[in-house]
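Student: Contents of target-v7.cif (mmCIF, C-alpha atoms) are given next:
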data_work
#
loop_
_atom_site.label_atom_id
_atom_site.label_comp_id
_atom_site.auth_asym_id
_atom_site.auth_seq_id
_atom_site.Cartn_x
_atom_site.Cartn_y
_atom_site.Cartn_z
CA MET A 24 75.76 172.99 117.01
CA SER A 25 78.03 171.71 119.73
CA HIS A 26 81.06 173.06 117.90
CA SER A 27 80.17 176.74 118.31
CA ASP A 28 81.79 176.98 121.75
CA PRO A 29 85.43 178.22 121.26
CA ALA A 30 86.75 176.02 124.09
CA ALA A 31 85.21 172.95 122.47
CA VAL A 32 86.66 173.93 119.09
CA ARG A 33 90.14 174.34 120.62
CA LYS A 34 89.84 170.88 122.15
CA SER A 35 88.71 169.47 118.80
CA ILE A 36 91.78 170.89 117.05
CA ASN A 37 94.02 168.60 119.14
CA THR A 38 91.80 165.67 118.16
CA TYR A 39 92.08 166.61 114.46
CA PHE A 40 95.89 166.55 114.67
CA MET A 41 95.87 163.23 116.55
CA VAL A 42 93.49 161.61 114.04
CA GLY A 43 95.59 162.99 111.15
CA ALA A 44 98.70 161.42 112.69
CA ALA A 45 96.84 158.12 113.29
CA LEU A 46 95.74 158.07 109.64
CA LEU A 47 99.34 158.50 108.49
CA VAL A 48 100.47 155.68 110.82
CA PHE A 49 97.72 153.41 109.45
CA THR A 50 98.82 154.26 105.89
CA ALA A 51 102.37 153.20 106.80
CA ILE A 52 100.99 149.96 108.32
CA THR A 53 98.96 149.24 105.14
CA VAL A 54 102.08 149.63 102.96
CA GLY A 55 104.22 147.70 105.48
CA VAL A 56 101.81 144.75 105.64
CA ASN A 57 101.75 144.68 101.85
CA ARG A 58 105.53 144.33 101.71
CA ILE A 59 105.47 141.28 104.01
CA HIS A 60 103.49 139.31 101.40
CA LEU A 61 100.88 137.54 103.51
CA ALA A 62 100.20 133.83 103.06
CA SER A 63 97.16 134.26 100.84
CA ILE A 64 95.65 136.98 98.71
CA ALA A 65 92.38 136.57 100.64
CA LEU A 66 94.19 137.38 103.91
CA ALA A 67 95.97 140.35 102.31
CA ILE A 68 92.64 141.73 101.02
CA THR A 69 90.98 141.23 104.43
CA VAL A 70 93.78 142.98 106.35
CA ALA A 71 93.99 145.88 103.86
CA LEU A 72 90.21 146.39 103.89
CA ILE A 73 90.00 146.24 107.71
CA ILE A 74 92.65 148.97 107.95
CA ALA A 75 90.87 151.01 105.22
CA VAL A 76 87.54 150.70 107.09
CA MET A 77 89.25 151.85 110.32
CA LYS A 78 90.78 154.85 108.52
CA GLY A 79 87.50 155.66 106.79
CA SER A 80 85.61 155.48 110.10
CA MET A 81 88.04 157.92 111.71
CA VAL A 82 87.62 160.40 108.84
CA ALA A 83 83.81 160.08 108.97
CA ALA A 84 83.52 160.20 112.78
CA VAL A 85 85.97 163.02 113.52
CA PHE A 86 86.58 165.14 110.41
CA MET A 87 82.99 164.82 109.17
CA HIS A 88 81.62 165.12 112.73
CA LEU A 89 79.52 161.98 112.39
CA SER A 90 80.27 161.04 116.00
CA HIS A 91 77.73 163.69 117.04
CA GLU A 92 75.28 164.45 114.28
CA ARG A 93 71.51 164.92 114.01
CA LYS A 94 69.28 161.88 113.54
CA TRP A 95 68.16 162.97 110.05
CA ILE A 96 71.73 162.59 108.82
CA TYR A 97 72.01 159.15 110.45
CA GLY A 98 68.67 158.20 108.85
CA ALA A 99 69.85 159.26 105.39
CA LEU A 100 73.10 157.37 105.86
CA LEU A 101 71.37 154.21 107.11
CA LEU A 102 69.23 154.23 103.97
CA THR A 103 72.38 154.72 101.89
CA LEU A 104 74.04 151.82 103.70
CA ALA A 105 71.08 149.53 102.89
CA PHE A 106 71.25 150.37 99.18
CA TRP A 107 75.04 150.16 99.23
CA ILE A 108 74.85 146.61 100.60
CA VAL A 109 72.53 145.69 97.70
CA LEU A 110 75.01 147.29 95.29
CA MET A 111 77.92 145.35 96.76
CA SER A 112 75.89 142.15 96.56
CA VAL A 113 75.55 142.49 92.77
CA PRO A 114 78.85 140.65 92.11
CA LEU A 115 77.54 137.86 94.36
CA PHE A 116 74.28 137.65 92.40
CA THR A 117 76.23 137.27 89.17
CA THR A 118 77.96 134.17 90.48
CA MET A 119 74.80 132.75 92.08
CA ASP A 120 72.65 132.73 88.94
CA ASN A 121 73.24 130.69 85.80
CA ILE A 122 73.60 133.53 83.30
CA GLY A 123 76.52 132.72 81.07
CA THR A 124 76.74 129.05 81.96
CA PRO A 125 76.20 126.79 78.95
CA ILE A 126 72.93 124.88 79.00
CA ARG A 127 73.43 121.34 77.83
CA VAL A 128 70.58 120.18 75.67
CA PRO A 129 71.20 116.64 74.40
CA SER A 130 69.23 117.12 71.21
CA ALA A 131 70.83 120.46 70.32
CA ALA A 132 73.12 120.63 67.33
CA PRO A 133 76.86 120.99 68.16
CA ALA A 134 77.03 124.30 66.27
CA GLU A 135 74.81 125.93 68.89
CA HIS A 136 77.45 125.40 71.58
CA LYS A 137 80.07 127.33 69.66
CA GLY A 138 78.36 130.64 70.39
CA ARG A 139 79.52 130.69 74.04
CA MET B 30 63.83 187.37 99.34
CA ASN B 31 66.18 185.52 101.64
CA ILE B 32 66.61 181.79 101.39
CA PRO B 33 65.42 180.35 104.71
CA TYR B 34 67.48 178.11 107.02
CA THR B 35 70.92 178.88 105.60
CA VAL B 36 72.19 179.51 109.12
CA GLU B 37 69.40 178.82 111.58
CA GLU B 38 68.34 175.22 112.09
CA ARG B 39 65.00 173.96 110.86
CA PRO B 40 62.68 173.08 113.76
CA ASP B 41 61.82 169.67 112.27
CA SER B 42 65.26 168.37 111.28
CA GLY B 43 67.42 170.43 113.63
CA LEU B 44 69.66 171.10 110.63
CA ALA B 45 70.41 174.00 108.32
CA ASN B 46 69.26 173.11 104.81
CA GLY B 47 72.76 173.10 103.37
CA LYS B 48 73.91 170.47 105.85
CA LEU B 49 71.17 168.01 104.92
CA GLY B 50 71.69 168.91 101.26
CA ILE B 51 75.40 168.11 101.24
CA TRP B 52 74.82 164.82 103.07
CA LEU B 53 72.17 163.75 100.55
CA PHE B 54 74.60 164.65 97.78
CA LEU B 55 77.31 162.57 99.49
CA ALA B 56 74.83 159.70 99.78
CA SER B 57 74.43 159.81 95.98
CA GLU B 58 78.21 159.89 95.67
CA VAL B 59 78.46 156.74 97.81
CA MET B 60 76.21 155.02 95.27
CA LEU B 61 78.22 156.36 92.32
CA PHE B 62 81.55 155.13 93.64
CA GLY B 63 79.86 152.03 95.09
CA ALA B 64 78.67 151.04 91.62
CA LEU B 65 82.22 151.35 90.30
CA PHE B 66 83.69 149.39 93.22
CA SER B 67 81.07 146.73 92.54
CA THR B 68 82.14 146.72 88.88
CA TYR B 69 85.74 146.31 90.00
CA ILE B 70 84.80 143.23 92.05
CA ILE B 71 82.94 141.66 89.09
CA LEU B 72 85.82 142.36 86.70
CA ARG B 73 88.44 141.10 89.13
CA THR B 74 86.67 137.91 90.18
CA GLY B 75 85.82 137.15 86.54
CA ALA B 76 89.34 137.70 85.23
CA PRO B 77 91.54 134.63 84.70
CA GLU B 78 94.49 136.61 86.09
CA TRP B 79 94.92 140.02 87.69
CA PRO B 80 98.11 142.08 87.34
CA HIS B 81 100.21 142.96 90.40
CA GLY B 82 102.82 145.66 90.74
CA GLU B 83 101.69 147.67 87.70
CA LEU B 84 101.37 150.87 89.76
CA SER B 85 103.93 152.73 91.83
CA VAL B 86 103.12 152.08 95.52
CA LEU B 87 105.41 154.98 96.47
CA LEU B 88 103.46 157.50 94.34
CA GLY B 89 100.14 156.11 95.62
CA ALA B 90 101.33 156.30 99.24
CA ILE B 91 102.61 159.87 98.74
CA ASN B 92 99.22 160.87 97.35
CA THR B 93 97.51 159.20 100.34
CA VAL B 94 99.66 161.26 102.72
CA ILE B 95 98.88 164.42 100.68
CA LEU B 96 95.11 163.84 100.83
CA ILE B 97 95.10 162.97 104.55
CA SER B 98 97.11 166.14 105.25
CA SER B 99 94.67 168.17 103.12
CA SER B 100 91.76 166.78 105.14
CA VAL B 101 93.48 167.95 108.34
CA THR B 102 94.11 171.45 106.91
CA MET B 103 90.50 171.61 105.64
CA VAL B 104 89.00 170.85 109.05
CA LEU B 105 91.43 173.35 110.61
CA ALA B 106 90.28 175.99 108.10
CA TRP B 107 86.75 175.52 109.43
CA ALA B 108 87.83 175.40 113.10
CA SER B 109 89.80 178.65 112.63
CA LEU B 110 86.62 180.38 111.42
CA LYS B 111 84.82 179.17 114.52
CA LEU B 112 87.61 180.78 116.56
CA ASN B 113 87.27 184.00 114.51
CA ASP B 114 90.83 183.68 113.23
CA TRP B 115 90.50 184.83 109.61
CA GLY B 116 94.26 184.77 108.93
CA LYS B 117 94.63 181.13 109.96
CA HIS B 118 91.49 180.20 108.06
CA ARG B 119 92.96 181.66 104.86
CA LEU B 120 96.29 179.95 105.48
CA TYR B 121 94.71 176.51 106.03
CA LEU B 122 92.35 176.86 103.05
CA ILE B 123 95.24 177.87 100.78
CA MET B 124 97.24 174.89 102.13
CA THR B 125 94.32 172.56 101.31
CA PHE B 126 94.09 174.02 97.80
CA VAL B 127 97.84 173.64 97.23
CA LEU B 128 97.86 170.05 98.54
CA ALA B 129 94.96 169.22 96.18
CA GLY B 130 96.99 170.71 93.32
CA VAL B 131 100.06 168.67 94.29
CA PHE B 132 97.88 165.53 94.31
CA LEU B 133 96.76 166.24 90.73
CA VAL B 134 100.31 167.05 89.53
CA ASN B 135 101.45 163.76 91.06
CA LYS B 136 98.61 161.97 89.29
CA TYR B 137 99.51 163.69 86.00
CA PHE B 138 103.06 162.34 86.18
CA GLU B 139 101.73 158.91 87.07
CA TYR B 140 99.28 158.89 84.14
CA SER B 141 101.84 160.20 81.64
CA GLU B 142 104.34 157.52 82.65
CA HIS B 143 101.72 154.81 82.05
CA PHE B 144 100.67 156.36 78.73
CA HIS B 145 104.34 156.51 77.70
CA GLU B 146 104.58 152.76 78.32
CA GLY B 147 101.44 152.12 76.28
CA GLN B 148 99.37 151.39 79.39
CA VAL B 149 96.30 153.24 78.12
CA PRO B 150 92.75 152.35 79.26
CA ALA B 151 92.42 149.88 76.35
CA HIS B 152 95.60 148.07 77.47
CA SER B 153 93.85 145.73 79.91
CA THR B 154 90.77 145.34 82.11
CA PHE B 155 92.89 146.43 85.08
CA PHE B 156 93.92 149.71 83.45
CA ALA B 157 90.37 150.33 82.20
CA ILE B 158 88.94 150.22 85.74
CA TYR B 159 92.04 151.96 87.16
CA TYR B 160 91.58 154.98 84.87
CA THR B 161 87.81 155.02 85.42
CA LEU B 162 88.08 155.01 89.22
CA THR B 163 91.06 157.33 89.59
CA GLY B 164 89.82 159.60 86.74
CA LEU B 165 86.45 160.08 88.41
CA HIS B 166 88.19 160.65 91.74
CA GLY B 167 90.55 163.15 90.08
CA LEU B 168 87.54 165.06 88.69
CA HIS B 169 86.20 165.26 92.25
CA ILE B 170 89.54 166.73 93.39
CA LEU B 171 89.28 169.29 90.58
CA GLY B 172 85.69 170.10 91.57
CA GLY B 173 86.76 170.63 95.18
CA MET B 174 89.58 172.92 94.05
CA ILE B 175 87.15 175.08 92.03
CA VAL B 176 84.90 175.49 95.10
CA MET B 177 87.92 176.32 97.30
CA LEU B 178 89.12 178.85 94.74
CA TYR B 179 85.70 180.51 94.85
CA LEU B 180 85.75 180.57 98.66
CA LEU B 181 89.27 182.04 98.62
CA GLY B 182 88.29 184.63 96.00
CA PRO B 183 84.89 186.25 95.41
CA GLY B 184 83.08 183.96 97.88
CA ALA B 185 85.25 185.22 100.78
CA LYS B 186 83.31 188.52 100.84
CA MET B 187 80.48 186.73 102.62
CA TRP B 188 82.57 186.54 105.81
CA LYS B 189 82.00 190.29 106.33
CA LYS B 190 78.22 190.31 105.83
CA ASN B 191 77.24 186.88 107.06
CA PRO B 192 80.04 185.07 108.91
CA ASP B 193 77.84 182.18 110.08
CA GLN B 194 76.68 181.36 106.57
CA PHE B 195 80.27 181.55 105.32
CA ALA B 196 81.42 179.17 108.09
CA ASN B 197 78.65 176.79 107.03
CA ARG B 198 79.85 176.93 103.42
CA ILE B 199 83.36 176.05 104.57
CA GLU B 200 81.93 173.21 106.66
CA TYR B 201 80.00 171.76 103.68
CA THR B 202 83.05 172.10 101.43
CA GLY B 203 84.98 170.26 104.13
CA LEU B 204 82.41 167.45 104.29
CA TYR B 205 82.75 166.99 100.53
CA TRP B 206 86.54 167.14 100.76
CA HIS B 207 86.72 164.53 103.54
CA PHE B 208 84.51 162.26 101.42
CA VAL B 209 86.95 162.61 98.51
CA ASP B 210 89.74 161.68 100.95
CA LEU B 211 87.67 158.74 102.21
CA VAL B 212 87.22 157.38 98.68
CA TRP B 213 90.97 157.54 98.12
CA ILE B 214 91.57 155.67 101.40
CA PHE B 215 89.77 152.72 99.75
CA LEU B 216 91.13 153.26 96.22
CA PHE B 217 94.76 153.15 97.36
CA PRO B 218 94.83 149.58 98.76
CA VAL B 219 92.36 148.24 96.19
CA LEU B 220 94.27 149.48 93.13
CA TYR B 221 97.89 149.85 94.28
CA LEU B 222 98.40 147.10 96.82
CA LEU B 223 96.07 144.16 96.22
#
Would you kindly transcribe this structure into structure tokens?
Tutor:
Amino acid sequence: MSHSDPAAVRKSINTYFMVGAALLVFTAITVGVNRIHLASIALAITVALIIAVMKGSMVAAVFMHLSHERKWIYGALLLTLAFWIVLMSVPLFTTMDNIGTPIRVPSAAPAEHKGR
Amino acid sequence: MNIPYTVEERPDSGLANGKLGIWLFLASEVMLFGALFSTYIILRTGAPEWPHGELSVLLGAINTVILISSSVTMVLAWASLKLNDWGKHRLYLIMTFVLAGVFLVNKYFEYSEHFHEGQVPAHSTFFAIYYTLTGLHGLHILGGMIVMLYLLGPGAKMWKKNPDQFANRIEYTGLYWHFVDLVWIFLFPVLYLL
């Protein structure tokens, strides 16, 4: 692979240290932003997740060498991403359907409503 | 009989088998943790109220720093092998192992403090998902430590007879370890901060 050349490896070592330092800075920013107490919980979640995605991308791209990998790996990960999106949509499906919402039937006896 | 493509790349995929194997394993891990993150979202959005400040942000942040540092030492352990520096490789791998151990000790103190206060998994929905997510992550740390221990001990002999295959093993261990770090990068804000 492209990392077998010693000169390239030496160059990569500097990158590893820089990314490690950047990850620590981003961790400090995440904690710092949390202490400010943003206006809404939605904003706080968005900011924290954006920083987490940035940190995660750096780990994947540099430490896991995903910035230069073979297409089979990308293919496997794209498939994973597709299934992962479905998995993350499950909570959305639960709020979109009517499972758990009481069905009002005018003729039903009152006792049947108590079950919910 | 030798197992083919442990070092040389397959002509069709351009990859050694182990590399594709570890990535497929990590793909299954994405789904495992993904399912639990999805569960977390359902539990949280369905709960009338969600506790804040139950966990120590300081301990969580310290563990984040520990895991990030261990990821750096892990990748350096692999890079040292590529530079034929066995001494540095051993040093960095031992450092990664020790940092993983410190993470678990930290987690032990955190857990025992919660247990002491009666915050067991049955205490609330929050603690149930907290223990499930961090417990599973902790088991992954333990698994990584066992592999590292093997590579530091009996597995290290391979460096003499087949250095390329040994470097690949370190690389795959590293890929797994960085994934464990990556999961924590998401667990920390989700459980400790939000």
Student: Would you kindly translate the PyMOL selection byres ((chain B) within 8 of (chain A)) into the concrete residues it picks from this file, as a PDB file with C-alpha atoms, in the coordinates of the input?
Tutor:
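result-v3.pdb, written as the output of this step:
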ATOM      1  CA  SER B  42      65.260 168.370 111.280  1.00  0.00           C
ATOM      2  CA  GLY B  43      67.420 170.430 113.630  1.00  0.00           C
ATOM      3  CA  LEU B  44      69.660 171.100 110.630  1.00  0.00           C
ATOM      4  CA  LEU B  49      71.170 168.010 104.920  1.00  0.00           C
ATOM      5  CA  TRP B  52      74.820 164.820 103.070  1.00  0.00           C
ATOM      6  CA  LEU B  53      72.170 163.750 100.550  1.00  0.00           C
ATOM      7  CA  ALA B  56      74.830 159.700  99.780  1.00  0.00           C
ATOM      8  CA  VAL B  59      78.460 156.740  97.810  1.00  0.00           C
ATOM      9  CA  MET B  60      76.210 155.020  95.270  1.00  0.00           C
ATOM     10  CA  GLY B  63      79.860 152.030  95.090  1.00  0.00           C
ATOM     11  CA  ALA B  64      78.670 151.040  91.620  1.00  0.00           C
ATOM     12  CA  PHE B  66      83.690 149.390  93.220  1.00  0.00           C
ATOM     13  CA  SER B  67      81.070 146.730  92.540  1.00  0.00           C
ATOM     14  CA  THR B  68      82.140 146.720  88.880  1.00  0.00           C
ATOM     15  CA  ILE B  70      84.800 143.230  92.050  1.00  0.00           C
ATOM     16  CA  ILE B  71      82.940 141.660  89.090  1.00  0.00           C
ATOM     17  CA  VAL B  86     103.120 152.080  95.520  1.00  0.00           C
ATOM     18  CA  ALA B  90     101.330 156.300  99.240  1.00  0.00           C
ATOM     19  CA  THR B  93      97.510 159.200 100.340  1.00  0.00           C
ATOM     20  CA  VAL B  94      99.660 161.260 102.720  1.00  0.00           C
ATOM     21  CA  ILE B  97      95.100 162.970 104.550  1.00  0.00           C
ATOM     22  CA  SER B  98      97.110 166.140 105.250  1.00  0.00           C
ATOM     23  CA  SER B 100      91.760 166.780 105.140  1.00  0.00           C
ATOM     24  CA  VAL B 101      93.480 167.950 108.340  1.00  0.00           C
ATOM     25  CA  VAL B 104      89.000 170.850 109.050  1.00  0.00           C
ATOM     26  CA  LEU B 105      91.430 173.350 110.610  1.00  0.00           C
ATOM     27  CA  ALA B 108      87.830 175.400 113.100  1.00  0.00           C
ATOM     28  CA  LYS B 111      84.820 179.170 114.520  1.00  0.00           C
ATOM     29  CA  LEU B 112      87.610 180.780 116.560  1.00  0.00           C
ATOM     30  CA  GLY B 203      84.980 170.260 104.130  1.00  0.00           C
ATOM     31  CA  LEU B 204      82.410 167.450 104.290  1.00  0.00           C
ATOM     32  CA  HIS B 207      86.720 164.530 103.540  1.00  0.00           C
ATOM     33  CA  PHE B 208      84.510 162.260 101.420  1.00  0.00           C
ATOM     34  CA  LEU B 211      87.670 158.740 102.210  1.00  0.00           C
ATOM     35  CA  ILE B 214      91.570 155.670 101.400  1.00  0.00           C
ATOM     36  CA  PHE B 215      89.770 152.720  99.750  1.00  0.00           C
ATOM     37  CA  PRO B 218      94.830 149.580  98.760  1.00  0.00           C
ATOM     38  CA  LEU B 222      98.400 147.100  96.820  1.00  0.00           C
ATOM     39  CA  LEU B 223      96.070 144.160  96.220  1.00  0.00           C
TER      40      LEU B 223
END
Student: Looking at all atoms listed in the file, which of B:Tyr205, B:Tyr140, B:Phe155, B:Phe126 is the one that sits closest to B:Met177?
Tutor: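 Of all the options, B:Phe126 lies closest to B:Met177.
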Student: So how many Å separate atom CA of B:Tyr201 and atom CA of B:Leu216, to one decimal?
Tutor: 22.8 Å
Student: Distance atom CA of B:Phe195-atom CA of B:Thr35, one decimal place?
Tutor: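 So the answer is 9.7 Å.
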Student: What separation in Å, quoted to one decimal, exists between atom CA of B:Trp79 and atom CA of B:Thr163?
Tutor: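 So the answer is 17.8 Å.
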Student: Can you list, as a count of residues only, the residues that the PyMOL selection byres ((chain B and resi 116-123) around 8) selects here?
Tutor: 16
Student: Give me stretch 77-93 of chain B with N, CA and C atoms filled in, as an mmCIF file, in the coordinates of the input.
Tutor:
data_model
loop_
_atom_site.group_PDB
_atom_site.id
_atom_site.type_symbol
_atom_site.label_atom_id
_atom_site.label_comp_id
_atom_site.auth_asym_id
_atom_site.auth_seq_id
_atom_site.Cartn_x
_atom_site.Cartn_y
_atom_site.Cartn_z
ATOM 1 N N PRO B 77 90.708 135.813 84.475
ATOM 2 C CA PRO B 77 91.540 134.630 84.700
ATOM 3 C C PRO B 77 92.797 134.967 85.494
ATOM 4 N N GLU B 78 93.362 136.155 85.267
ATOM 5 C CA GLU B 78 94.490 136.610 86.090
ATOM 6 C C GLU B 78 94.421 138.114 86.274
ATOM 7 N N TRP B 79 94.980 138.596 87.370
ATOM 8 C CA TRP B 79 94.920 140.020 87.690
ATOM 9 C C TRP B 79 96.339 140.533 87.904
ATOM 10 N N PRO B 80 96.715 141.628 87.223
ATOM 11 C CA PRO B 80 98.110 142.080 87.340
ATOM 12 C C PRO B 80 98.461 142.622 88.727
ATOM 13 N N HIS B 81 99.710 142.408 89.130
ATOM 14 C CA HIS B 81 100.210 142.960 90.400
ATOM 15 C C HIS B 81 101.443 143.797 90.108
ATOM 16 N N GLY B 82 101.615 144.845 90.873
ATOM 17 C CA GLY B 82 102.820 145.660 90.740
ATOM 18 C C GLY B 82 102.862 146.532 89.506
ATOM 19 N N GLU B 83 101.717 146.803 88.894
ATOM 20 C CA GLU B 83 101.690 147.670 87.700
ATOM 21 C C GLU B 83 101.807 149.144 88.097
ATOM 22 N N LEU B 84 101.376 149.467 89.327
ATOM 23 C CA LEU B 84 101.370 150.870 89.760
ATOM 24 C C LEU B 84 102.463 151.117 90.779
ATOM 25 N N SER B 85 102.897 152.372 90.872
ATOM 26 C CA SER B 85 103.930 152.730 91.830
ATOM 27 C C SER B 85 103.300 152.920 93.221
ATOM 28 N N VAL B 86 103.654 151.997 94.147
ATOM 29 C CA VAL B 86 103.120 152.080 95.520
ATOM 30 C C VAL B 86 103.594 153.374 96.177
ATOM 31 N N LEU B 87 104.843 153.772 95.860
ATOM 32 C CA LEU B 87 105.410 154.980 96.470
ATOM 33 C C LEU B 87 104.567 156.213 96.097
ATOM 34 N N LEU B 88 104.265 156.346 94.778
ATOM 35 C CA LEU B 88 103.460 157.500 94.340
ATOM 36 C C LEU B 88 102.069 157.467 94.961
ATOM 37 N N GLY B 89 101.471 156.266 95.019
ATOM 38 C CA GLY B 89 100.140 156.110 95.620
ATOM 39 C C GLY B 89 100.156 156.464 97.089
ATOM 40 N N ALA B 90 101.225 156.021 97.799
ATOM 41 C CA ALA B 90 101.330 156.300 99.240
ATOM 42 C C ALA B 90 101.543 157.796 99.466
ATOM 43 N N ILE B 91 102.371 158.423 98.607
ATOM 44 C CA ILE B 91 102.610 159.870 98.740
ATOM 45 C C ILE B 91 101.284 160.618 98.559
ATOM 46 N N ASN B 92 100.513 160.205 97.567
ATOM 47 C CA ASN B 92 99.220 160.870 97.350
ATOM 48 C C ASN B 92 98.249 160.632 98.506
ATOM 49 N N THR B 93 98.346 159.463 99.158
ATOM 50 C CA THR B 93 97.510 159.200 100.340
ATOM 51 C C THR B 93 97.874 160.175 101.457
#
